[in-house]
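Chemist: target05.pdb is the file, holding PDB, C-alpha atoms:
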```pdb
ATOM      1  CA  MET A   1     -12.091  28.902   8.987  1.00  0.00           C
ATOM      2  CA  ASP A   2     -11.073  32.387   7.878  1.00  0.00           C
ATOM      3  CA  GLU A   3      -8.530  31.356   5.232  1.00  0.00           C
ATOM      4  CA  GLU A   4      -9.314  32.223   1.641  1.00  0.00           C
ATOM      5  CA  LEU A   5      -8.718  29.589  -1.024  1.00  0.00           C
ATOM      6  CA  VAL A   6      -6.602  30.898  -3.873  1.00  0.00           C
ATOM      7  CA  ILE A   7      -6.024  28.864  -7.016  1.00  0.00           C
ATOM      8  CA  ARG A   8      -3.080  30.010  -9.107  1.00  0.00           C
ATOM      9  CA  GLU A   9      -0.668  28.694 -11.664  1.00  0.00           C
ATOM     10  CA  ALA A  10       2.188  26.684 -10.166  1.00  0.00           C
ATOM     11  CA  VAL A  11       5.712  28.108 -10.173  1.00  0.00           C
ATOM     12  CA  PRO A  12       9.056  26.273  -9.824  1.00  0.00           C
ATOM     13  CA  GLU A  13       9.203  27.171  -6.130  1.00  0.00           C
ATOM     14  CA  ASP A  14       6.094  25.000  -5.605  1.00  0.00           C
ATOM     15  CA  CYS A  15       7.880  21.740  -6.479  1.00  0.00           C
ATOM     16  CA  GLY A  16       8.341  20.778  -2.817  1.00  0.00           C
ATOM     17  CA  VAL A  17       4.626  21.162  -2.115  1.00  0.00           C
ATOM     18  CA  LEU A  18       3.711  19.379  -5.352  1.00  0.00           C
ATOM     19  CA  LEU A  19       5.939  16.461  -4.391  1.00  0.00           C
ATOM     20  CA  GLU A  20       4.309  16.279  -0.946  1.00  0.00           C
ATOM     21  CA  MET A  21       0.913  16.142  -2.644  1.00  0.00           C
ATOM     22  CA  ILE A  22       2.072  13.396  -5.018  1.00  0.00           C
ATOM     23  CA  ARG A  23       3.482  11.359  -2.140  1.00  0.00           C
ATOM     24  CA  GLY A  24       0.300  11.841  -0.116  1.00  0.00           C
ATOM     25  CA  TYR A  25      -1.869  10.703  -3.000  1.00  0.00           C
ATOM     26  CA  ALA A  26       0.399   7.721  -3.648  1.00  0.00           C
ATOM     27  CA  PHE A  27       0.110   6.699   0.024  1.00  0.00           C
ATOM     28  CA  TYR A  28      -3.672   7.101  -0.159  1.00  0.00           C
ATOM     29  CA  MET A  29      -3.716   4.851  -3.244  1.00  0.00           C
ATOM     30  CA  GLY A  30      -1.710   2.174  -1.436  1.00  0.00           C
ATOM     31  CA  PHE A  31       1.760   2.726  -2.841  1.00  0.00           C
ATOM     32  CA  ARG A  32       4.802   2.275  -0.653  1.00  0.00           C
ATOM     33  CA  GLU A  33       7.088   5.259  -0.060  1.00  0.00           C
ATOM     34  CA  GLU A  34       9.930   3.726  -2.081  1.00  0.00           C
ATOM     35  CA  GLU A  35       7.636   3.365  -5.094  1.00  0.00           C
ATOM     36  CA  VAL A  36       7.441   7.137  -5.522  1.00  0.00           C
ATOM     37  CA  THR A  37      10.637   7.946  -7.391  1.00  0.00           C
ATOM     38  CA  ALA A  38       9.917  11.596  -8.197  1.00  0.00           C
ATOM     39  CA  THR A  39      12.188  14.297  -6.828  1.00  0.00           C
ATOM     40  CA  GLU A  40      11.837  18.069  -6.707  1.00  0.00           C
ATOM     41  CA  ASP A  41      14.493  18.371  -9.409  1.00  0.00           C
ATOM     42  CA  LEU A  42      12.694  15.899 -11.697  1.00  0.00           C
ATOM     43  CA  LEU A  43       9.395  17.740 -11.223  1.00  0.00           C
ATOM     44  CA  ARG A  44      11.020  21.100 -11.899  1.00  0.00           C
ATOM     45  CA  GLU A  45      12.651  19.769 -15.058  1.00  0.00           C
ATOM     46  CA  SER A  46       9.527  17.964 -16.285  1.00  0.00           C
ATOM     47  CA  ILE A  47       7.028  20.724 -15.594  1.00  0.00           C
ATOM     48  CA  PHE A  48       8.848  24.029 -15.930  1.00  0.00           C
ATOM     49  CA  GLU A  49      11.818  23.598 -18.248  1.00  0.00           C
ATOM     50  CA  LYS A  50      11.358  23.745 -21.997  1.00  0.00           C
ATOM     51  CA  HIS A  51      12.100  20.515 -23.827  1.00  0.00           C
TER      52      HIS A  51
END
```
Please, can you express the file's structure as structure tokens?
Modeler:
Amino acid sequence: MDEELVIREAVPEDCGVLLEMIRGYAFYMGFREEEVTATEDLLRESIFEKH
């Protein structure tokens, strides 16, 4: 594989990918799809907006 792994700080535009990762991990852990209630908007608000 010729791809280089780059680790960087997440940005708001990554919320879709983050949500896919959360859903994948939840599936791996045995959760049903409807048990994952996160949305891209909720992630964006929770992670990137100041409270």
Chemist: Pick the closest to Ile47 (chain A) from A:Ala10, A:Gly24, A:Val17, A:Glu33: which is it, counting only C-alpha atoms?
Modeler: A:Ala10
Chemist: Using only C-alpha atoms, which protein or nucleic acid residues come within 12 Å of Glu45 (chain A)? Drop anything in the same chain fewer than 5 positions from it, and give the result as a ChimeraX atom specification.
Modeler: /A:11-12,15,38-40,50-51
Chemist: Using only C-alpha atoms, can you tell me which of A:Glu35, A:Glu3, A:Glu9, A:Glu49 comes closest to Arg23 (chain A)?
Modeler: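 Among the listed residues, A:Glu35 lies closest to Arg23 (chain A).
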Chemist: What does the distance between CA of Gly30 (chain A) and CA of Asp14 (chain A) come to in Å, to one decimal place?
Modeler: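 A separation of 24.5 Å between them.
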Chemist: Please, what is the axis-aligned box for every listed atom of region 20-37 of chain A with 8 Å on each side, as centre and edge lengths in Å to one decimal, as AutoDock Vina command-line options?
Modeler:
```
--center_x 3.5 --center_y 9.2 --center_z -3.7 --size_x 30.4 --size_y 30.1 --size_z 23.4
```
Chemist: Please determine, counting only C-alpha atoms, which residue among A:Leu43, A:Glu4, A:Arg32, A:Phe48 has the shortest atom-to-atom distance to Gly16 (chain A).
Modeler: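 Of A:Leu43, A:Glu4, A:Arg32, A:Phe48, the one nearest Gly16 (chain A) is A:Leu43, counting only C-alpha atoms.
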Chemist: Using all atoms listed in the file, pick whichever of A:Ile7, A:Phe27, A:Ile22, A:Glu13 has the shortest atom-to-atom distance to Arg44 (chain A).
Modeler: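 For Arg44 (chain A), the nearest of the candidates is A:Glu13.
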